[in-house]
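What follows is protein.cif (mmCIF, C-alpha atoms).
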```
data_run
#
loop_
_atom_site.group_PDB
_atom_site.id
_atom_site.type_symbol
_atom_site.label_atom_id
_atom_site.label_comp_id
_atom_site.auth_asym_id
_atom_site.auth_seq_id
_atom_site.Cartn_x
_atom_site.Cartn_y
_atom_site.Cartn_z
ATOM 1 C CA MET A 1166 106.550 83.036 114.163
ATOM 2 C CA LYS A 1167 108.411 85.349 116.487
ATOM 3 C CA LEU A 1168 110.362 88.415 115.431
ATOM 4 C CA SER A 1169 113.667 89.097 117.164
ATOM 5 C CA THR A 1170 114.809 92.101 119.170
ATOM 6 C CA ARG A 1171 116.375 93.358 115.937
ATOM 7 C CA ALA A 1172 112.851 94.002 114.635
ATOM 8 C CA GLU A 1173 111.630 95.480 117.908
ATOM 9 C CA TYR A 1174 114.609 97.759 118.500
ATOM 10 C CA GLY A 1175 115.018 98.676 114.842
ATOM 11 C CA LEU A 1176 111.401 99.786 114.693
ATOM 12 C CA ARG A 1177 111.703 101.678 117.982
ATOM 13 C CA ALA A 1178 114.783 103.515 116.679
ATOM 14 C CA MET A 1179 112.978 104.426 113.463
ATOM 15 C CA PHE A 1180 109.958 105.559 115.487
ATOM 16 C CA GLU A 1181 112.224 107.852 117.515
ATOM 17 C CA LEU A 1182 113.659 109.349 114.321
ATOM 18 C CA ALA A 1183 110.108 109.786 112.981
ATOM 19 C CA ARG A 1184 109.049 111.587 116.169
ATOM 20 C CA HIS A 1185 111.829 114.115 115.588
ATOM 21 C CA TYR A 1186 111.508 114.300 111.813
ATOM 22 C CA GLY A 1187 112.359 117.759 110.512
ATOM 23 C CA GLN A 1188 114.286 118.737 113.659
ATOM 24 C CA GLY A 1189 117.738 117.813 112.369
ATOM 25 C CA PRO A 1190 120.014 114.894 113.199
ATOM 26 C CA ILE A 1191 119.400 112.992 116.444
ATOM 27 C CA PRO A 1192 122.459 111.654 118.309
ATOM 28 C CA LEU A 1193 122.604 107.894 118.722
ATOM 29 C CA ARG A 1194 122.880 108.301 122.481
ATOM 30 C CA SER A 1195 119.564 110.218 122.585
ATOM 31 C CA ILE A 1196 117.778 107.508 120.628
ATOM 32 C CA ALA A 1197 119.236 104.810 122.876
ATOM 33 C CA GLU A 1198 118.261 106.632 126.071
ATOM 34 C CA GLU A 1199 114.754 107.543 124.921
ATOM 35 C CA GLN A 1200 113.980 104.005 123.747
ATOM 36 C CA GLY A 1201 115.904 102.070 126.404
ATOM 37 C CA ILE A 1202 118.172 100.323 123.911
ATOM 38 C CA SER A 1203 121.845 99.496 124.393
ATOM 39 C CA GLU A 1204 123.895 102.060 122.489
ATOM 40 C CA ASN A 1205 126.223 99.348 121.116
ATOM 41 C CA TYR A 1206 123.330 97.240 119.827
ATOM 42 C CA LEU A 1207 121.610 100.300 118.401
ATOM 43 C CA GLU A 1208 124.789 101.257 116.567
ATOM 44 C CA GLN A 1209 124.697 97.910 114.729
ATOM 45 C CA LEU A 1210 121.028 98.329 113.805
ATOM 46 C CA ILE A 1211 121.445 101.921 112.638
ATOM 47 C CA ALA A 1212 124.336 100.840 110.406
ATOM 48 C CA VAL A 1213 122.053 98.307 108.689
ATOM 49 C CA LEU A 1214 119.267 100.901 108.336
ATOM 50 C CA ARG A 1215 121.739 103.436 106.935
ATOM 51 C CA ARG A 1216 123.123 100.978 104.369
ATOM 52 C CA SER A 1217 119.564 100.221 103.269
ATOM 53 C CA GLY A 1218 118.949 103.911 102.560
ATOM 54 C CA LEU A 1219 116.211 104.402 105.180
ATOM 55 C CA VAL A 1220 118.463 106.445 107.473
ATOM 56 C CA GLU A 1221 121.058 109.126 106.804
ATOM 57 C CA SER A 1222 123.901 110.172 109.066
ATOM 58 C CA THR A 1223 125.642 113.453 109.702
ATOM 59 C CA ARG A 1224 129.075 113.706 111.319
ATOM 60 C CA GLY A 1225 130.352 116.330 113.681
ATOM 61 C CA PRO A 1226 129.331 117.933 116.967
ATOM 62 C CA GLN A 1227 125.759 118.506 115.769
ATOM 63 C CA GLY A 1228 125.701 115.162 113.986
ATOM 64 C CA GLY A 1229 123.484 112.179 114.354
ATOM 65 C CA TYR A 1230 120.868 110.272 112.399
ATOM 66 C CA LEU A 1231 117.706 111.199 110.558
ATOM 67 C CA LEU A 1232 115.171 109.541 108.319
ATOM 68 C CA ALA A 1233 116.051 109.553 104.636
ATOM 69 C CA TYR A 1234 112.336 109.897 103.778
ATOM 70 C CA PRO A 1235 109.311 111.423 105.500
ATOM 71 C CA PRO A 1236 107.657 109.166 108.112
ATOM 72 C CA GLU A 1237 104.579 108.844 105.912
ATOM 73 C CA ALA A 1238 106.744 107.242 103.205
ATOM 74 C CA ILE A 1239 108.346 104.498 105.335
ATOM 75 C CA LYS A 1240 106.298 101.367 105.943
ATOM 76 C CA VAL A 1241 106.756 99.371 109.118
ATOM 77 C CA GLY A 1242 107.252 96.347 106.846
ATOM 78 C CA ASP A 1243 110.199 98.061 105.130
ATOM 79 C CA VAL A 1244 111.943 98.505 108.467
ATOM 80 C CA ILE A 1245 111.278 94.931 109.585
ATOM 81 C CA ARG A 1246 112.549 93.477 106.294
ATOM 82 C CA VAL A 1247 115.742 95.533 106.469
ATOM 83 C CA VAL A 1248 116.671 94.381 109.977
ATOM 84 C CA GLU A 1249 115.188 90.842 109.889
ATOM 85 C CA GLY A 1250 115.210 89.850 106.246
ATOM 86 C CA PRO A 1251 112.221 88.500 104.330
ATOM 87 C CA ILE A 1252 109.073 87.855 106.332
ATOM 88 C CA ALA A 1253 108.018 84.235 105.917
ATOM 89 C CA PRO A 1254 106.845 81.629 108.411
ATOM 90 C CA MET A 1255 108.577 78.860 106.394
ATOM 91 C CA GLY A 1256 111.541 78.917 104.026
ATOM 92 C CA CYS A 1257 109.498 77.455 101.191
ATOM 93 C CA VAL A 1258 107.370 80.631 100.967
ATOM 94 C CA ASN A 1259 110.197 83.116 101.325
ATOM 95 C CA GLU A 1260 109.707 85.498 98.392
ATOM 96 C CA ASP A 1261 113.389 86.440 98.212
ATOM 97 C CA ASN A 1262 114.870 82.945 98.273
ATOM 98 C CA GLN A 1263 113.010 80.424 96.159
ATOM 99 C CA SER A 1264 115.953 78.009 96.440
ATOM 100 C CA GLU A 1265 114.493 76.739 99.729
ATOM 101 C CA ILE A 1266 111.468 75.278 97.965
ATOM 102 C CA CYS A 1267 111.446 71.571 98.650
ATOM 103 C CA GLY A 1268 110.675 68.832 96.168
ATOM 104 C CA ARG A 1269 107.131 68.582 97.520
ATOM 105 C CA ALA A 1270 106.254 72.233 96.799
ATOM 106 C CA GLY A 1271 103.966 71.396 93.897
ATOM 107 C CA THR A 1272 101.885 68.955 95.937
ATOM 108 C CA CYS A 1273 102.216 70.363 99.461
ATOM 109 C CA ALA A 1274 98.871 71.331 100.970
ATOM 110 C CA SER A 1275 100.596 73.106 103.873
ATOM 111 C CA ARG A 1276 102.413 75.503 101.560
ATOM 112 C CA VAL A 1277 99.130 77.225 100.673
ATOM 113 C CA ILE A 1278 98.570 77.974 104.365
ATOM 114 C CA TRP A 1279 102.129 79.262 104.863
ATOM 115 C CA LYS A 1280 101.696 81.587 101.869
ATOM 116 C CA LYS A 1281 98.481 82.986 103.341
ATOM 117 C CA VAL A 1282 100.176 83.518 106.705
ATOM 118 C CA ARG A 1283 103.083 85.293 104.987
ATOM 119 C CA ASP A 1284 100.739 87.460 102.924
ATOM 120 C CA SER A 1285 98.633 88.387 105.971
ATOM 121 C CA ILE A 1286 101.682 89.418 107.996
ATOM 122 C CA ASN A 1287 103.039 91.454 105.086
ATOM 123 C CA GLU A 1288 99.656 93.119 104.590
ATOM 124 C CA VAL A 1289 99.526 94.274 108.211
ATOM 125 C CA LEU A 1290 103.141 95.450 108.344
ATOM 126 C CA ASP A 1291 102.857 97.253 105.009
ATOM 127 C CA GLY A 1292 99.578 98.851 106.068
ATOM 128 C CA TYR A 1293 101.277 100.950 108.758
ATOM 129 C CA TYR A 1294 103.762 103.758 108.302
ATOM 130 C CA LEU A 1295 106.088 105.415 110.806
ATOM 131 C CA SER A 1296 103.757 108.422 110.736
ATOM 132 C CA ASP A 1297 100.932 106.147 111.971
ATOM 133 C CA MET A 1298 103.089 105.110 114.904
ATOM 134 C CA VAL A 1299 103.829 108.734 115.792
ATOM 135 C CA ARG A 1300 100.114 109.589 115.697
ATOM 136 C CA GLU A 1301 99.292 106.559 117.843
ATOM 137 C CA ALA A 1302 101.937 107.530 120.404
ATOM 138 C CA GLU A 1303 100.532 111.059 120.558
ATOM 139 C CA ARG A 1304 97.032 109.655 121.058
ATOM 140 C CA LEU A 1305 98.211 107.306 123.815
ATOM 141 C CA CYS A 1306 100.096 110.069 125.629
ATOM 142 C CA LYS A 1307 97.214 112.555 125.658
ATOM 143 C CA PRO A 1308 95.950 113.203 129.162
ATOM 144 C CA GLU A 1309 92.442 111.941 129.887
ATOM 145 C CA PRO A 1310 89.853 114.769 130.202
#
```

As structure tokens, how would this structure be written, given the file I've shared?
Amino acid sequence: MKLSTRAEYGLRAMFELARHYGQGPIPLRSIAEEQGISENYLEQLIAVLRRSGLVESTRGPQGGYLLAYPPEAIKVGDVIRVVEGPIAPMGCVNEDNQSEICGRAGTCASRVIWKKVRDSINEVLDGYYLSDMVREAERLCKPEP
């Protein structure tokens, strides 16, 4: 299973907002430059994140975007699900769309494995918050003694 650039860039944008949490709105251009993301593509992702309620926007000369919740309240999994949709290696184990369950679901030995894969991925993504990413970035950027 491979996540798309929507997941990568969406998470990087949210990380950038988390890094500046409490400092007021961050212009889209600043996020794009800091994270090396196309401003046009980022605009599409931010719109999705805003509609989901994870991001708020402010208009005007001092406008921009900011997290709707503190970084310690936003799970990485929440961000990924908003920009990518449900996390499932196969359609038959997609928690949000049970209509994709095939006629073999009740007797399919593979389905048990796909459920475990889905649950493991969700457990990892839901075990990290944006605040964890900010702390990790600070740790990685500390100069060696």

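For the residues A:Pro1254, A:Gly1187, A:Pro1308, A:Pro1226, ranking by smallest atom-to-atom distance to Asn1287 (chain A) using only C-alpha atoms places A:Pro1254 first.
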
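In this structure, CA of Leu1193 (chain A) sits 7.3 Å away from CA of Glu1208 (chain A).
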
Note to self: So, with all atoms listed in the file as the atoms that count, which of A:Leu1168, A:Tyr1174, A:Leu1214, A:Leu1219 lies closest to Ala1197 (chain A)?
What the structure shows: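 Using all atoms listed in the file, Ala1197 (chain A) sits closest to A:Tyr1174.
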
Next item on the list: Give as number ranges by chain the set of residues within 9 Å of the point (104.4, 76.5, 105.8), where distances use the file's coordinates and only C-alpha atoms.
Entry: A: 1253-1258, 1274-1280, 1282-1283

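Nearest to Lys1240 (chain A) of all the residues A:Leu1207, A:Ala1172, A:Val1213, A:Val1289 is A:Val1289, counting all atoms listed in the file.
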
Next item on the list: Kindly indicate which residue among A:Glu1301, A:Val1244, A:Ile1286, A:Glu1198 lies nearest to Leu1176 (chain A), using only C-alpha atoms for the distances.
Entry: A:Val1244

Next item on the list: To one decimal in Å, tell me the separation between CA of Tyr1294 (chain A) and CA of Val1247 (chain A).
Entry: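 Between these atoms lies a distance of 14.6 Å.
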
Could all heavy atoms be built for region 1222-1233 of chain A and written out as a PDB file, keeping the file's coordinate frame?
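Final file, result_29.pdb:
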```pdb
ATOM      1  N   SER A1222     123.107 109.747 107.917  1.00  0.00           N
ATOM      2  CA  SER A1222     123.901 110.172 109.066  1.00  0.00           C
ATOM      3  C   SER A1222     124.646 111.459 108.745  1.00  0.00           C
ATOM      4  O   SER A1222     124.936 111.744 107.592  1.00  0.00           O
ATOM      5  CB  SER A1222     124.896 109.078 109.466  1.00  0.00           C
ATOM      6  OG  SER A1222     125.817 108.846 108.419  1.00  0.00           O
ATOM      7  N   THR A1223     124.890 112.212 109.805  1.00  0.00           N
ATOM      8  CA  THR A1223     125.642 113.453 109.702  1.00  0.00           C
ATOM      9  C   THR A1223     126.729 113.411 110.769  1.00  0.00           C
ATOM     10  O   THR A1223     126.448 113.099 111.924  1.00  0.00           O
ATOM     11  CB  THR A1223     124.724 114.670 109.965  1.00  0.00           C
ATOM     12  OG1 THR A1223     123.620 114.601 109.074  1.00  0.00           O
ATOM     13  CG2 THR A1223     125.453 115.970 109.757  1.00  0.00           C
ATOM     14  N   ARG A1224     127.950 113.724 110.373  1.00  0.00           N
ATOM     15  CA  ARG A1224     129.075 113.706 111.319  1.00  0.00           C
ATOM     16  C   ARG A1224     129.240 115.066 111.977  1.00  0.00           C
ATOM     17  O   ARG A1224     128.690 116.057 111.520  1.00  0.00           O
ATOM     18  CB  ARG A1224     130.366 113.337 110.598  1.00  0.00           C
ATOM     19  CG  ARG A1224     130.355 111.942 110.033  1.00  0.00           C
ATOM     20  CD  ARG A1224     131.661 111.678 109.289  1.00  0.00           C
ATOM     21  NE  ARG A1224     131.617 110.425 108.591  1.00  0.00           N
ATOM     22  CZ  ARG A1224     132.255 109.339 108.974  1.00  0.00           C
ATOM     23  NH1 ARG A1224     133.013 109.372 110.050  1.00  0.00           N
ATOM     24  NH2 ARG A1224     132.173 108.232 108.283  1.00  0.00           N
ATOM     25  N   GLY A1225     130.019 115.075 113.031  1.00  0.00           N
ATOM     26  CA  GLY A1225     130.352 116.330 113.681  1.00  0.00           C
ATOM     27  C   GLY A1225     129.629 116.532 114.994  1.00  0.00           C
ATOM     28  O   GLY A1225     128.817 115.706 115.411  1.00  0.00           O
ATOM     29  N   PRO A1226     129.912 117.666 115.648  1.00  0.00           N
ATOM     30  CA  PRO A1226     129.331 117.933 116.967  1.00  0.00           C
ATOM     31  C   PRO A1226     127.807 118.004 116.964  1.00  0.00           C
ATOM     32  O   PRO A1226     127.163 117.652 117.931  1.00  0.00           O
ATOM     33  CB  PRO A1226     129.914 119.282 117.375  1.00  0.00           C
ATOM     34  CG  PRO A1226     130.929 119.636 116.361  1.00  0.00           C
ATOM     35  CD  PRO A1226     130.807 118.707 115.208  1.00  0.00           C
ATOM     36  N   GLN A1227     127.218 118.443 115.879  1.00  0.00           N
ATOM     37  CA  GLN A1227     125.759 118.506 115.769  1.00  0.00           C
ATOM     38  C   GLN A1227     125.228 117.336 114.951  1.00  0.00           C
ATOM     39  O   GLN A1227     124.106 117.382 114.458  1.00  0.00           O
ATOM     40  CB  GLN A1227     125.332 119.836 115.121  1.00  0.00           C
ATOM     41  CG  GLN A1227     125.791 121.064 115.863  1.00  0.00           C
ATOM     42  CD  GLN A1227     125.237 121.112 117.280  1.00  0.00           C
ATOM     43  OE1 GLN A1227     124.061 120.835 117.499  1.00  0.00           O
ATOM     44  NE2 GLN A1227     126.084 121.441 118.230  1.00  0.00           N
ATOM     45  N   GLY A1228     126.047 116.293 114.823  1.00  0.00           N
ATOM     46  CA  GLY A1228     125.701 115.162 113.986  1.00  0.00           C
ATOM     47  C   GLY A1228     124.737 114.194 114.646  1.00  0.00           C
ATOM     48  O   GLY A1228     124.326 114.352 115.788  1.00  0.00           O
ATOM     49  N   GLY A1229     124.398 113.200 113.875  1.00  0.00           N
ATOM     50  CA  GLY A1229     123.484 112.179 114.354  1.00  0.00           C
ATOM     51  C   GLY A1229     122.807 111.512 113.174  1.00  0.00           C
ATOM     52  O   GLY A1229     123.357 111.465 112.069  1.00  0.00           O
ATOM     53  N   TYR A1230     121.601 111.029 113.412  1.00  0.00           N
ATOM     54  CA  TYR A1230     120.868 110.272 112.399  1.00  0.00           C
ATOM     55  C   TYR A1230     119.506 110.896 112.146  1.00  0.00           C
ATOM     56  O   TYR A1230     118.920 111.504 113.033  1.00  0.00           O
ATOM     57  CB  TYR A1230     120.707 108.821 112.851  1.00  0.00           C
ATOM     58  CG  TYR A1230     122.035 108.141 112.985  1.00  0.00           C
ATOM     59  CD1 TYR A1230     122.721 108.155 114.191  1.00  0.00           C
ATOM     60  CD2 TYR A1230     122.639 107.514 111.898  1.00  0.00           C
ATOM     61  CE1 TYR A1230     123.966 107.558 114.311  1.00  0.00           C
ATOM     62  CE2 TYR A1230     123.874 106.921 112.004  1.00  0.00           C
ATOM     63  CZ  TYR A1230     124.537 106.937 113.222  1.00  0.00           C
ATOM     64  OH  TYR A1230     125.769 106.352 113.320  1.00  0.00           O
ATOM     65  N   LEU A1231     119.035 110.721 110.915  1.00  0.00           N
ATOM     66  CA  LEU A1231     117.706 111.199 110.558  1.00  0.00           C
ATOM     67  C   LEU A1231     117.141 110.312 109.473  1.00  0.00           C
ATOM     68  O   LEU A1231     117.869 109.603 108.792  1.00  0.00           O
ATOM     69  CB  LEU A1231     117.735 112.660 110.118  1.00  0.00           C
ATOM     70  CG  LEU A1231     118.765 113.057 109.063  1.00  0.00           C
ATOM     71  CD1 LEU A1231     118.058 113.579 107.839  1.00  0.00           C
ATOM     72  CD2 LEU A1231     119.637 114.130 109.644  1.00  0.00           C
ATOM     73  N   LEU A1232     115.829 110.332 109.350  1.00  0.00           N
ATOM     74  CA  LEU A1232     115.171 109.541 108.319  1.00  0.00           C
ATOM     75  C   LEU A1232     115.539 110.064 106.940  1.00  0.00           C
ATOM     76  O   LEU A1232     115.612 111.277 106.732  1.00  0.00           O
ATOM     77  CB  LEU A1232     113.653 109.594 108.479  1.00  0.00           C
ATOM     78  CG  LEU A1232     113.056 108.983 109.747  1.00  0.00           C
ATOM     79  CD1 LEU A1232     111.540 109.160 109.737  1.00  0.00           C
ATOM     80  CD2 LEU A1232     113.425 107.524 109.894  1.00  0.00           C
ATOM     81  N   ALA A1233     115.741 109.159 106.007  1.00  0.00           N
ATOM     82  CA  ALA A1233     116.051 109.553 104.636  1.00  0.00           C
ATOM     83  C   ALA A1233     114.793 109.969 103.878  1.00  0.00           C
ATOM     84  O   ALA A1233     114.882 110.635 102.848  1.00  0.00           O
ATOM     85  CB  ALA A1233     116.740 108.400 103.911  1.00  0.00           C
TER      86      ALA A1233
END
```
